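What follows is one structure encoded as structure tokens, with my remarks underneath.
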Amino acid sequence: MNRRRFLASSAALFGTPAFAAGLRPAILGDEPLRITAAARGILYGAATSSQQLHDADFAAALVREAAILVPEYEMKRGVIEAVRGHYDFTGADTLAAFARVHGLKLRGHPLVWHKRNPDWLTDISDESVLTDYITALVSRYRGRMHSWDVVNEAIQPGEPGNLRKTVWLDRFGPSYIDLAFHTARAADPRAMLVYNDWGCELGAPDNDRFRAATLDFLEGLRARAVPIDALGLQGHLGLQGAQVDPAKLAVFLDRVKAMGLKILVTEHDVDDDGGPSDIVARDRAVADASRRFLDVMLANSATVAVLTWGLTDRYLDPPDWRQRLTGWTPRRLPLDASLARKPMWRAISRAFG
């Protein structure tokens, strides 16, 4: 899409009477999450997609509640570069324009990942396949990004060097990680560069190993003067299985802070699968899990942002056909499908407060 067509489509999306009217919601009594978070020096935000912005009611709720956005899928390489050497920034540009119009910050996610890559990426001839893409994407939004998830989910305890087997590791060895960070820094010296992963949040023995591997990984980056600024903890929790151990998590966060790194919660939600069928009880359990996690994260002064992986349950589908048949409704995000604030919203608000 050329610039003229993009600006025309953006005007159509952001300038419709319905959209404009949606940006003046009634005050619901409590301060929006972005306001409560800002009072504590924290950015609150959410993942969204360019398609969701066509829902004027949702867009209004997003502008009301969030101070920072992250694309749900528009910056994944399989979307940006489905055909080698041909970049499609349409969805990412739409989100960037929305953020600019409404004074929101923007995160980039992810530059290097082992998933959501184009089919052709199995043929990696040289480092330019990595560096050219990072340079093109980061340079396009230079000066407009709060932060980038430069490398996503590279750690796998038990593998050689505790690194996940990926096409990048197979082709370049561990040096691909350093190269990715240096390339991103050259393309935008001001953006916060983040390593993003899951596995450190809970208290099971597997999580103990993941935390130890993560600390070793970060210490190695720092020792090699790799330009990393922050650690992103995704914050995907669940009502079943292992739960957060506040003491273990707090010690880990202190170690990260001592390295001089910032900390972000990048993809927080609470999987309610297997939770109570009674919605009131399930909402309470989801809220409690969120609050226990965020209380620990926010107790550490290195934490600078909390993003949920979505703002509303409106776009969630039940995980399997049996749950769809029984009418199960996922309730894992701060707002319900009608955009009403849920107990999870209140728990996050209290954690900020």
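Numbering starts fresh at 1 for the residues of each chain in the structure tokens, the chains themselves are lettered A, B, ... in the order given, and ligands are numbered from 1 as they appear.
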Practice task
Write out as a PyMOL selection string the residues lying within 9 Å of Arg142 in chain A, counting only C-alpha atoms and excluding same-chain residues fewer than 6 positions away.
Solution key: chain A and resi 187-191
Practice task
Once DSSP has gone over the backbone, tell me which residues of range 56-303 of chain A are in helix (DSSP H, G or I), as a PyMOL selection string.
Solution key: chain A and resi 56-65+77-80+90-101+119-122+128-140+160-162+167-172+175-187+205-223+246-258+279-299
Mind writing the picked residues with C-alpha atoms as a short mmCIF file (atom, residue, chain, number, x, y, z; two decimals), in the first residue's frame?
```cif
data_model
loop_
_atom_site.label_atom_id
_atom_site.label_comp_id
_atom_site.auth_asym_id
_atom_site.auth_seq_id
_atom_site.Cartn_x
_atom_site.Cartn_y
_atom_site.Cartn_z
CA ALA A 56 -15.38 1.56 17.47
CA ASP A 57 -16.54 0.57 20.95
CA PHE A 58 -13.43 -1.50 21.49
CA ALA A 59 -11.18 1.24 20.11
CA ALA A 60 -12.72 3.69 22.57
CA ALA A 61 -12.12 1.30 25.48
CA LEU A 62 -8.54 0.79 24.35
CA VAL A 63 -7.81 4.52 24.22
CA ARG A 64 -9.44 4.97 27.61
CA GLU A 65 -7.55 2.18 29.39
CA ARG A 77 7.88 -12.06 10.20
CA GLY A 78 5.40 -14.39 8.52
CA VAL A 79 3.12 -11.37 8.11
CA ILE A 80 5.74 -8.72 7.30
CA THR A 90 0.02 -2.43 6.20
CA GLY A 91 -1.19 -3.78 9.53
CA ALA A 92 1.77 -2.46 11.49
CA ASP A 93 1.37 0.98 9.92
CA THR A 94 -2.31 1.02 10.87
CA LEU A 95 -1.47 0.36 14.52
CA ALA A 96 1.35 2.90 14.46
CA ALA A 97 -0.99 5.54 13.02
CA PHE A 98 -3.64 4.77 15.64
CA ALA A 99 -1.05 5.09 18.42
CA ARG A 100 0.21 8.39 17.02
CA VAL A 101 -3.29 9.90 16.65
CA ASP A 119 7.94 -20.83 4.76
CA TRP A 120 10.98 -19.72 2.79
CA LEU A 121 12.99 -18.99 5.93
CA THR A 122 14.33 -22.54 6.07
CA SER A 128 21.88 -10.72 5.96
CA VAL A 129 18.69 -12.79 6.18
CA LEU A 130 18.64 -11.86 9.86
CA THR A 131 20.13 -8.38 9.80
CA ASP A 132 18.36 -6.99 6.73
CA TYR A 133 14.96 -7.80 8.17
CA ILE A 134 15.72 -6.30 11.59
CA THR A 135 17.15 -3.17 9.99
CA ALA A 136 14.16 -2.72 7.67
CA LEU A 137 11.55 -3.14 10.38
CA VAL A 138 13.24 -1.21 13.18
CA SER A 139 14.33 1.62 10.89
CA ARG A 140 10.79 2.09 9.60
CA PRO A 160 23.21 -27.33 24.96
CA GLY A 161 23.92 -23.87 26.37
CA ASN A 162 20.30 -23.84 27.58
CA VAL A 167 16.72 -22.29 12.56
CA TRP A 168 18.86 -19.37 13.79
CA LEU A 169 20.83 -21.43 16.30
CA ASP A 170 21.35 -24.19 13.76
CA ARG A 171 22.70 -21.77 11.14
CA PHE A 172 24.69 -19.26 13.20
CA SER A 175 25.99 -15.51 18.14
CA TYR A 176 22.68 -14.83 16.37
CA ILE A 177 21.34 -13.40 19.63
CA ASP A 178 24.15 -10.87 20.02
CA LEU A 179 23.90 -9.98 16.32
CA ALA A 180 20.17 -9.32 16.60
CA PHE A 181 20.59 -6.90 19.51
CA HIS A 182 23.49 -5.03 17.91
CA THR A 183 21.54 -4.70 14.65
CA ALA A 184 18.45 -3.40 16.42
CA ARG A 185 20.50 -0.85 18.37
CA ALA A 186 22.11 0.44 15.19
CA ALA A 187 18.69 0.80 13.56
CA PRO A 205 11.06 -27.04 39.77
CA ASP A 206 10.99 -26.53 35.99
CA ASN A 207 10.57 -22.82 36.63
CA ASP A 208 13.50 -22.87 39.07
CA ARG A 209 15.66 -24.23 36.25
CA PHE A 210 14.28 -21.66 33.82
CA ARG A 211 15.07 -18.80 36.20
CA ALA A 212 18.63 -20.06 36.68
CA ALA A 213 19.12 -20.43 32.92
CA THR A 214 17.69 -16.96 32.32
CA LEU A 215 20.05 -15.35 34.82
CA ASP A 216 23.02 -17.09 33.20
CA PHE A 217 21.78 -15.97 29.78
CA LEU A 218 21.41 -12.34 30.85
CA GLU A 219 24.75 -12.28 32.65
CA GLY A 220 26.40 -13.58 29.48
CA LEU A 221 24.83 -10.82 27.40
CA ARG A 222 25.97 -8.19 29.86
CA ALA A 223 29.50 -9.60 30.01
CA PRO A 246 6.18 -14.83 45.46
CA ALA A 247 9.46 -15.39 47.31
CA LYS A 248 11.20 -17.15 44.41
CA LEU A 249 9.96 -14.60 41.90
CA ALA A 250 11.02 -11.65 44.06
CA VAL A 251 14.57 -12.99 44.46
CA PHE A 252 14.81 -13.53 40.71
CA LEU A 253 13.61 -10.00 39.94
CA ASP A 254 16.15 -8.56 42.37
CA ARG A 255 18.90 -10.40 40.49
CA VAL A 256 17.69 -8.97 37.19
CA LYS A 257 17.52 -5.47 38.64
CA ALA A 258 21.06 -5.81 40.02
CA ILE A 279 -18.61 -17.17 36.28
CA VAL A 280 -18.51 -15.26 39.56
CA ALA A 281 -16.20 -17.83 41.14
CA ARG A 282 -14.07 -18.08 38.00
CA ASP A 283 -13.68 -14.32 37.73
CA ARG A 284 -12.59 -14.18 41.34
CA ALA A 285 -9.99 -16.92 40.79
CA VAL A 286 -8.61 -15.18 37.69
CA ALA A 287 -8.42 -11.87 39.56
CA ASP A 288 -6.65 -13.45 42.52
CA ALA A 289 -4.04 -15.09 40.28
CA SER A 290 -3.40 -11.80 38.47
CA ARG A 291 -3.09 -9.84 41.71
CA ARG A 292 -0.65 -12.29 43.33
CA PHE A 293 1.61 -12.06 40.29
CA LEU A 294 1.46 -8.30 39.80
CA ASP A 295 1.97 -7.53 43.48
CA VAL A 296 5.40 -9.16 43.22
CA MET A 297 6.25 -7.63 39.84
CA LEU A 298 5.30 -4.13 40.93
CA ALA A 299 7.14 -4.38 44.24
#
```
Which residues of range 274-307 of chain A sit at most 7 Å from range 42-55 of chain A, using only C-alpha atoms? Give each one's shortest atom pair and distance in Å (one decimal place), in chain and ascending residue order, as a Markdown table.
```
| residue | atom | partner | partner_atom | distance |
| --- | --- | --- | --- | --- |
| A:Val304 | CA | A:Ile42 | CA | 5.0 |
| A:Ala305 | CA | A:Leu43 | CA | 4.5 |
| A:Val306 | CA | A:Tyr44 | CA | 5.0 |
| A:Leu307 | CA | A:Gly45 | CA | 4.5 |
```
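Among the candidates A:Pro118, A:Gly310, A:Pro276, A:Pro32, the one nearest to Pro71 in chain A when counting only C-alpha atoms is A:Gly310.
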Handout entry: DSSP strand (DSSP E or B) residues within range 11-242 of chain A, as a ChimeraX atom specification
Key = /A:43-48,68-71,83,86,105-108,112,147-152,155,163,192-197,230-233,236-238
Exercise for the section: Record the distance separating CA of Arg34 in chain A and CA of Val270 in chain A, expressed in Å with one decimal. Expected result: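 For CA of Arg34 in chain A relative to CA of Val270 in chain A, the distance reads 19.7 Å.
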Handout entry: Point-to-point distance in Å for CA of Ala302 in chain A and CA of Gly235 in chain A
Key =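 Going from CA of Gly235 in chain A over to CA of Ala302 in chain A covers 16.0 Å.
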Exercise for the section: Give the answer as one residue: which of A:Gln234, A:Lys76, A:Trp328, A:Glu81 has the shortest atom-to-atom distance to Glu153 in chain A, using only C-alpha atoms? Expected result: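 Smallest separation from Glu153 in chain A among the options: A:Gln234.
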Problem - Counting only C-alpha atoms, the residue of A:Val226, A:Leu311, A:Pro318, A:Arg84 that sits nearest Lys342 in chain A - result: A:Leu311
Practice task
Rank A:Arg314, A:His146, A:Lys115, A:His268 by their smallest atom-to-atom distance to Ala340 in chain A, using only C-alpha atoms, and report the top residue only.
Solution key: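 The closest residue to Ala340 in chain A is A:Arg314.
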Practice task
Find, counting only C-alpha atoms, the residue in A:Val194, A:Gly274, A:Val265, A:His109 that gets nearest to Gly241 in chain A.
Solution key: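 Using only C-alpha atoms, the shortest distance to Gly241 in chain A belongs to A:Gly274.
Here CA of Ser301 in chain A stands at a distance of 19.2 Å from CA of Glu267 in chain A.
Counting only C-alpha atoms, the residue from A:Leu261, A:Trp198, A:Gln243, A:Trp309 that sits nearest to Tyr73 in chain A is A:Trp309.
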